[in-house]
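Pasted below: upload.txt, compact mmCIF, C-alpha atoms.
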# COMPACT_ATOMS: atom_id res chain seq x y z
CA MET B 1 -135.35 34.96 119.76
CA SER B 2 -133.91 38.21 118.41
CA LYS B 3 -130.16 38.90 118.37
CA THR B 4 -130.54 41.86 120.73
CA HIS B 5 -132.63 39.79 123.15
CA ARG B 6 -130.05 36.99 123.05
CA ARG B 7 -127.17 39.42 123.74
CA ASN B 8 -129.05 40.85 126.71
CA LEU B 9 -129.60 37.37 128.14
CA GLU B 10 -125.90 36.61 127.77
CA LYS B 11 -125.14 39.77 129.78
CA GLY B 12 -127.58 38.70 132.48
CA ILE B 13 -130.16 41.33 131.54
CA LYS B 14 -133.71 40.04 131.58
CA LEU B 15 -136.30 41.98 129.63
CA ASP B 16 -140.03 41.46 129.83
CA VAL B 17 -140.95 41.62 126.16
CA GLY B 18 -144.45 40.30 126.72
CA ARG B 19 -144.07 37.16 124.66
CA GLU B 20 -141.22 35.21 123.11
CA GLY B 21 -140.05 36.82 119.89
CA ALA B 22 -141.82 40.13 120.49
CA PRO B 23 -139.66 43.18 119.79
CA SER B 24 -138.03 45.01 122.66
CA TYR B 25 -138.28 48.80 123.04
CA GLY B 26 -134.92 49.22 121.33
CA GLU B 27 -135.83 46.89 118.49
CA LEU B 28 -139.21 48.50 117.97
CA LEU B 29 -137.61 51.95 117.62
CA GLN B 30 -134.52 50.61 115.81
CA LEU B 31 -132.35 52.35 118.36
CA GLU B 32 -129.13 50.68 117.24
CA GLN B 33 -129.56 52.27 113.81
CA LEU B 34 -130.89 55.55 115.17
CA LEU B 35 -128.27 56.08 117.86
CA GLY B 36 -125.55 54.80 115.56
CA ALA B 37 -126.33 57.47 112.97
CA GLN B 38 -124.32 60.24 114.68
CA ALA B 39 -121.12 59.27 112.89
CA PRO B 40 -118.28 61.77 113.44
CA PHE B 41 -117.31 63.74 110.36
CA GLN B 42 -113.84 64.60 111.68
CA GLU B 43 -110.82 62.39 112.16
CA THR B 44 -110.65 63.69 115.73
CA PRO B 45 -114.24 64.68 116.62
CA SER B 46 -114.69 67.94 118.50
CA HIS B 47 -116.91 67.94 121.57
CA ASP B 48 -119.58 70.17 120.03
CA SER B 49 -119.93 68.32 116.74
CA LEU B 50 -122.30 65.83 118.38
CA LEU B 51 -124.59 68.70 119.42
CA PHE B 52 -124.62 69.95 115.83
CA ILE B 53 -125.48 66.52 114.44
CA VAL B 54 -128.21 65.73 116.98
CA ILE B 55 -129.94 69.11 116.64
CA HIS B 56 -130.16 68.76 112.87
CA GLN B 57 -131.13 65.09 112.87
CA VAL B 58 -133.93 65.76 115.35
CA ALA B 59 -135.10 68.68 113.17
CA GLU B 60 -135.26 66.37 110.17
CA LEU B 61 -137.41 63.90 112.12
CA TRP B 62 -139.80 66.67 113.14
CA LEU B 63 -139.94 67.91 109.53
CA LYS B 64 -140.83 64.39 108.41
CA LEU B 65 -143.70 64.30 110.90
CA ILE B 66 -144.90 67.77 109.87
CA VAL B 67 -145.09 66.68 106.23
CA HIS B 68 -147.02 63.57 107.29
CA GLU B 69 -149.52 65.65 109.27
CA ILE B 70 -149.97 68.35 106.63
CA GLU B 71 -150.50 65.80 103.88
CA GLY B 72 -153.06 64.06 106.09
CA ALA B 73 -154.83 67.34 106.88
CA SER B 74 -154.92 68.28 103.18
CA HIS B 75 -156.56 64.94 102.41
CA ASP B 76 -159.10 65.52 105.20
CA ILE B 77 -159.98 69.00 103.96
CA ALA B 78 -160.45 67.65 100.43
CA ALA B 79 -162.87 65.11 101.92
CA ASP B 80 -164.74 67.82 103.90
CA GLU B 81 -163.62 66.28 107.19
CA LEU B 82 -162.50 69.45 108.92
CA GLY B 83 -162.67 68.13 112.45
CA VAL B 84 -160.12 65.43 111.65
CA ALA B 85 -157.95 67.96 109.82
CA PHE B 86 -158.01 70.33 112.79
CA LYS B 87 -156.47 67.69 115.06
CA LYS B 88 -153.57 67.22 112.64
CA LEU B 89 -153.04 70.96 112.21
CA SER B 90 -153.01 71.44 115.98
CA ARG B 91 -150.34 68.75 116.16
CA VAL B 92 -148.25 70.58 113.57
CA LYS B 93 -148.41 73.70 115.75
CA MET B 94 -147.09 71.77 118.76
CA ILE B 95 -144.29 70.18 116.70
CA GLN B 96 -143.25 73.63 115.51
CA GLN B 97 -142.99 74.81 119.10
CA GLN B 98 -140.58 71.96 119.80
CA MET B 99 -138.48 72.99 116.81
CA ILE B 100 -138.41 76.63 117.91
CA THR B 101 -137.16 75.63 121.36
CA ALA B 102 -134.39 73.53 119.82
CA TRP B 103 -132.63 76.70 118.62
CA ASP B 104 -132.11 77.63 122.28
CA VAL B 105 -130.05 74.46 122.67
CA LEU B 106 -127.97 75.24 119.59
CA ARG B 107 -127.35 78.78 120.84
CA THR B 108 -125.32 77.32 123.70
CA MET B 109 -122.63 76.78 121.05
CA THR B 110 -120.17 79.69 120.90
CA PRO B 111 -118.31 80.92 117.79
CA ALA B 112 -115.17 79.26 119.11
CA ASP B 113 -117.03 75.96 119.57
CA TYR B 114 -118.31 76.06 115.99
CA LEU B 115 -114.86 76.77 114.57
CA THR B 116 -113.62 73.45 115.96
CA PHE B 117 -115.56 71.60 113.28
CA ARG B 118 -116.89 74.08 110.71
CA ASP B 119 -114.26 73.30 108.06
CA ALA B 120 -115.18 69.61 108.27
CA LEU B 121 -118.73 70.41 107.12
CA GLY B 122 -117.40 71.03 103.62
CA PRO B 123 -120.11 71.92 101.06
CA SER B 124 -123.00 70.68 103.19
CA SER B 125 -125.73 73.18 104.07
CA GLY B 126 -129.21 73.24 105.55
CA PHE B 127 -130.29 74.57 102.16
CA GLN B 128 -129.93 70.95 101.01
CA SER B 129 -132.59 69.65 103.42
CA TYR B 130 -135.26 68.00 101.31
CA GLY B 131 -137.39 67.57 104.42
CA TYR B 132 -137.58 71.34 104.79
CA ARG B 133 -138.36 71.68 101.09
CA LEU B 134 -141.20 69.17 101.37
CA VAL B 135 -142.71 71.25 104.18
CA GLU B 136 -142.50 74.43 102.11
CA PHE B 137 -144.05 72.73 99.09
CA ALA B 138 -146.85 71.30 101.26
CA LEU B 139 -147.59 74.82 102.55
CA GLY B 140 -147.51 76.38 99.07
CA ASN B 141 -144.08 77.95 98.59
CA LYS B 142 -143.28 76.14 95.35
CA ASP B 143 -140.07 76.59 93.38
CA GLY B 144 -138.88 73.83 91.08
CA ASN B 145 -135.36 75.27 91.01
CA HIS B 146 -134.89 74.06 94.58
CA ILE B 147 -135.13 70.48 93.33
CA LEU B 148 -131.96 70.84 91.26
CA VAL B 149 -129.70 70.59 94.29
CA HIS B 150 -130.97 67.00 94.71
CA ARG B 151 -130.55 65.91 91.09
CA HIS B 152 -127.85 63.41 92.14
CA ASP B 153 -130.52 61.48 94.10
CA PRO B 154 -133.33 60.20 91.82
CA ILE B 155 -135.51 59.01 94.72
CA VAL B 156 -135.48 62.38 96.49
CA THR B 157 -135.88 64.22 93.18
CA ALA B 158 -138.97 62.15 92.31
CA ARG B 159 -140.53 62.77 95.71
CA LEU B 160 -139.93 66.51 95.49
CA GLN B 161 -141.25 66.62 91.94
CA GLU B 162 -144.43 64.87 93.02
CA ALA B 163 -144.84 67.28 95.96
CA LEU B 164 -144.29 70.22 93.60
CA THR B 165 -147.31 69.24 91.48
CA ARG B 166 -149.62 68.37 94.39
CA PRO B 167 -152.18 70.88 95.76
CA SER B 168 -150.86 72.62 98.84
CA LEU B 169 -152.68 72.82 102.16
CA TYR B 170 -153.90 76.30 101.19
CA ASP B 171 -155.03 75.13 97.75
CA GLU B 172 -157.25 72.56 99.46
CA ALA B 173 -158.59 75.23 101.83
CA LEU B 174 -159.53 77.47 98.90
CA ARG B 175 -161.15 74.59 97.03
CA LEU B 176 -163.20 73.96 100.16
CA MET B 177 -164.32 77.60 100.18
CA ALA B 178 -165.40 77.28 96.54
CA ARG B 179 -167.44 74.18 97.43
CA ARG B 180 -169.08 76.24 100.17
CA GLY B 181 -170.27 78.77 97.61
CA PHE B 182 -167.63 81.51 97.69
CA ALA B 183 -166.92 83.04 94.28
CA LEU B 184 -163.38 82.00 93.41
CA SER B 185 -162.22 82.08 89.81
CA ALA B 186 -160.28 79.59 87.73
CA ALA B 187 -157.19 81.73 88.28
CA VAL B 188 -157.33 80.53 91.89
CA LEU B 189 -158.82 77.07 91.57
CA GLU B 190 -157.00 75.95 88.42
CA ARG B 191 -153.68 77.69 88.91
CA ASP B 192 -150.31 76.17 88.03
CA LEU B 193 -149.58 74.19 91.18
CA THR B 194 -145.84 74.16 90.50
CA GLN B 195 -145.70 77.92 91.14
CA PRO B 196 -145.77 79.71 94.51
CA TYR B 197 -149.18 80.95 95.57
CA ARG B 198 -149.84 84.67 95.05
CA SER B 199 -152.50 86.81 96.71
CA HIS B 200 -155.87 87.26 94.95
CA GLU B 201 -158.41 89.99 95.66
CA GLU B 202 -161.35 87.55 95.46
CA VAL B 203 -159.73 85.27 98.03
CA LEU B 204 -159.20 88.24 100.31
CA GLU B 205 -162.87 89.13 99.94
CA ALA B 206 -163.95 85.55 100.71
CA TRP B 207 -161.91 85.45 103.90
CA ARG B 208 -163.17 88.93 104.81
CA GLN B 209 -166.74 87.59 104.68
CA VAL B 210 -165.75 84.68 106.91
CA TYR B 211 -164.14 86.94 109.51
CA LEU B 212 -167.03 89.41 109.53
CA ASP B 213 -169.52 86.61 110.24
CA PRO B 214 -167.67 83.88 112.17
CA ARG B 215 -170.87 82.38 113.61
CA THR B 216 -172.09 81.50 110.13
CA TYR B 217 -168.72 80.26 108.90
CA TRP B 218 -167.29 78.95 112.16
CA ASP B 219 -165.38 75.95 110.77
CA LEU B 220 -163.81 78.07 108.01
CA TYR B 221 -162.98 80.73 110.57
CA ASP B 222 -161.37 78.08 112.78
CA LEU B 223 -159.45 76.67 109.80
CA ALA B 224 -158.13 80.13 108.95
CA GLU B 225 -156.87 80.71 112.48
CA LYS B 226 -155.15 77.30 112.52
CA LEU B 227 -153.40 78.21 109.29
CA VAL B 228 -152.30 81.51 110.83
CA ASP B 229 -150.97 79.61 113.86
CA ILE B 230 -148.84 77.45 111.57
CA GLU B 231 -147.49 80.39 109.59
CA ASP B 232 -146.77 82.39 112.76
CA ASN B 233 -144.82 79.46 114.19
CA PHE B 234 -143.00 78.91 110.92
CA GLN B 235 -141.91 82.54 110.89
CA HIS B 236 -140.89 82.30 114.54
CA TRP B 237 -138.82 79.23 113.69
CA ARG B 238 -137.19 81.03 110.76
CA PHE B 239 -136.43 84.08 112.90
CA SER B 240 -134.95 81.94 115.66
CA HIS B 241 -132.77 80.28 113.03
CA VAL B 242 -131.52 83.67 111.87
CA GLN B 243 -130.74 84.75 115.43
CA ALA B 244 -128.91 81.50 116.20
CA VAL B 245 -126.76 81.88 113.09
CA LYS B 246 -126.06 85.54 113.92
CA ARG B 247 -124.95 84.56 117.39
CA ILE B 248 -122.61 81.84 116.17
CA ILE B 249 -121.11 83.13 112.89
CA GLY B 250 -122.34 86.72 112.63
CA ARG B 251 -122.64 87.79 109.00
CA LYS B 252 -119.92 85.58 107.61
CA PRO B 253 -120.90 83.41 104.60
CA GLY B 254 -122.63 80.15 105.44
CA THR B 255 -121.55 76.68 104.41
CA GLY B 256 -122.45 75.21 101.03
CA GLY B 257 -121.96 78.54 99.26
CA SER B 258 -124.91 80.31 100.92
CA SER B 259 -124.66 83.94 102.00
CA GLY B 260 -125.57 82.99 105.55
CA VAL B 261 -127.73 85.45 107.47
CA PRO B 262 -128.79 87.52 104.39
CA PHE B 263 -130.05 84.33 102.73
CA LEU B 264 -132.03 83.35 105.83
CA GLU B 265 -133.45 86.84 106.28
CA LYS B 266 -134.97 86.76 102.78
CA ALA B 267 -137.12 83.79 103.84
CA LEU B 268 -138.76 85.99 106.50
CA GLN B 269 -140.54 87.86 103.69
CA ILE B 270 -142.33 84.74 102.39
CA SER B 271 -145.98 84.24 103.31
CA PHE B 272 -147.84 80.99 102.72
CA PHE B 273 -151.35 82.34 103.31
CA PRO B 274 -151.07 86.04 102.37
CA GLU B 275 -154.77 86.97 102.42
CA LEU B 276 -155.13 85.77 106.02
CA TYR B 277 -152.73 88.54 107.03
CA GLU B 278 -153.94 91.15 104.54
CA LEU B 279 -157.53 90.91 105.78
CA ARG B 280 -156.46 92.24 109.18
CA SER B 281 -156.12 95.61 107.50
CA VAL B 282 -159.53 95.56 105.79
CA ILE B 283 -161.98 94.37 108.46
Represent the supplied structure as structure tokens.
Amino acid sequence: MSKTHRRNLEKGIKLDVGREGAPSYGELLQLEQLLGAQAPFQETPSHDSLLFIVIHQVAELWLKLIVHEIEGASHDIAADELGVAFKKLSRVKMIQQQMITAWDVLRTMTPADYLTFRDALGPSSGFQSYGYRLVEFALGNKDGNHILVHRHDPIVTARLQEALTRPSLYDEALRLMARRGFALSAAVLERDLTQPYRSHEEVLEAWRQVYLDPRTYWDLYDLAEKLVDIEDNFQHWRFSHVQAVKRIIGRKPGTGGSSGVPFLEKALQISFFPELYELRSVI
């Protein structure tokens, strides 16, 4: 009998766990650990600090799931199993919509609310989220300098370093196109995977052919649109982040030494799959 089950029995609470020794709902989800992880970071916690913690912890869980799904979809594409990959990519899109909506909850926090705990945040910053960095690396925005902020943690550093050298989702999509007979050069297929992806004219031409004849290349056409869905949602999420920060702190510097809104606005210029947007102008 588990400790939690025994405590519940002592309190007169009877749970149907199916069979003796089977985990309860709380044990299965490790709710004691999960719901005990919102430790106050102030001697006298402010009311709104819990909102801040929960919003960011939930975001990290969603980021973890996004990485899991993108890595799975990349593996599927490499194995020419597009149908399986499409299910995972559709799931990523729905997760992103949840994350976008979460900013609406954070925007209920006023500047005065935030000031009740901002100083207690110290040098911490969302810039230090390795979950976010793993998502960016998986989508192709590679920059090894971003790993340096985690150099104090060898486990996180190793994971980020491995992700930096792995083909991105888009790399696998382009390798698939090459296997399908599209003329893509070594500059595309054998590029330095530790560097961010840059647009190539031959890739643009390949996607242009796909979009001009979707019946012939339907699965590639569908893949392209799923990638666009993910990038659109990612940009929407970034923009919503900018607007939430503007509403709460305006253009004051952010925590952790970041410039705040100007830093976040720069990310809006990044494109993971540039040719899929460029081709709209050439077809």
Which polymer residues have any atom within 9 Å of an atom of Ile95 in chain B, counting all atoms listed in the file, with same-chain residues fewer than 3 positions away left out, as an mmCIF file with C-alpha atoms, in the frame of the given file?
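So out26.cif came out as:
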data_model
loop_
_atom_site.group_PDB
_atom_site.id
_atom_site.type_symbol
_atom_site.label_atom_id
_atom_site.label_comp_id
_atom_site.auth_asym_id
_atom_site.auth_seq_id
_atom_site.Cartn_x
_atom_site.Cartn_y
_atom_site.Cartn_z
ATOM 1 C CA TRP B 62 -139.800 66.670 113.140
ATOM 2 C CA LEU B 63 -139.940 67.910 109.530
ATOM 3 C CA LEU B 65 -143.700 64.300 110.900
ATOM 4 C CA ILE B 66 -144.900 67.770 109.870
ATOM 5 C CA SER B 90 -153.010 71.440 115.980
ATOM 6 C CA ARG B 91 -150.340 68.750 116.160
ATOM 7 C CA VAL B 92 -148.250 70.580 113.570
ATOM 8 C CA GLN B 98 -140.580 71.960 119.800
ATOM 9 C CA MET B 99 -138.480 72.990 116.810
ATOM 10 C CA ILE B 100 -138.410 76.630 117.910
#
Within 12 Å of range 235-246 of chain B using all atoms listed in the file, minus same-chain residues under 5 positions, as a ChimeraX atom specification: /B:56,59,93,95-111,114,126,132,136,228-230,251-255,259-272
For the residues in that selection, give me C-alpha atoms as a compact mmCIF listing (two decimals), in the frame of the given file.
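Wrote it out as part_15.txt, contents follow:
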# COMPACT_ATOMS: atom_id res chain seq x y z
CA HIS B 56 -130.16 68.76 112.87
CA ALA B 59 -135.10 68.68 113.17
CA LYS B 93 -148.41 73.70 115.75
CA ILE B 95 -144.29 70.18 116.70
CA GLN B 96 -143.25 73.63 115.51
CA GLN B 97 -142.99 74.81 119.10
CA GLN B 98 -140.58 71.96 119.80
CA MET B 99 -138.48 72.99 116.81
CA ILE B 100 -138.41 76.63 117.91
CA THR B 101 -137.16 75.63 121.36
CA ALA B 102 -134.39 73.53 119.82
CA TRP B 103 -132.63 76.70 118.62
CA ASP B 104 -132.11 77.63 122.28
CA VAL B 105 -130.05 74.46 122.67
CA LEU B 106 -127.97 75.24 119.59
CA ARG B 107 -127.35 78.78 120.84
CA THR B 108 -125.32 77.32 123.70
CA MET B 109 -122.63 76.78 121.05
CA THR B 110 -120.17 79.69 120.90
CA PRO B 111 -118.31 80.92 117.79
CA TYR B 114 -118.31 76.06 115.99
CA GLY B 126 -129.21 73.24 105.55
CA TYR B 132 -137.58 71.34 104.79
CA GLU B 136 -142.50 74.43 102.11
CA VAL B 228 -152.30 81.51 110.83
CA ASP B 229 -150.97 79.61 113.86
CA ILE B 230 -148.84 77.45 111.57
CA ARG B 251 -122.64 87.79 109.00
CA LYS B 252 -119.92 85.58 107.61
CA PRO B 253 -120.90 83.41 104.60
CA GLY B 254 -122.63 80.15 105.44
CA THR B 255 -121.55 76.68 104.41
CA SER B 259 -124.66 83.94 102.00
CA GLY B 260 -125.57 82.99 105.55
CA VAL B 261 -127.73 85.45 107.47
CA PRO B 262 -128.79 87.52 104.39
CA PHE B 263 -130.05 84.33 102.73
CA LEU B 264 -132.03 83.35 105.83
CA GLU B 265 -133.45 86.84 106.28
CA LYS B 266 -134.97 86.76 102.78
CA ALA B 267 -137.12 83.79 103.84
CA LEU B 268 -138.76 85.99 106.50
CA GLN B 269 -140.54 87.86 103.69
CA ILE B 270 -142.33 84.74 102.39
CA SER B 271 -145.98 84.24 103.31
CA PHE B 272 -147.84 80.99 102.72
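The closest residue to Gln57 in chain B, picked from B:Leu34, B:Ala73, B:Met177, B:Ile147 and counting all atoms listed in the file, is B:Leu34.
Between CA of Gly140 in chain B and CA of Tyr197 in chain B there is a distance of 6.0 Å.
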For Val54 in chain B, find every residue with an atom within 10 Å (counting all atoms listed in the file), except residues of its own chain fewer than 6 positions away, and show them as an MDAnalysis selection string. chainID B and resid 35 37:38 60 106
Could you work out how far CA of Ile248 in chain B lies from CA of Lys142 in chain B, giving the answer in Å with one decimal? 29.9 Å
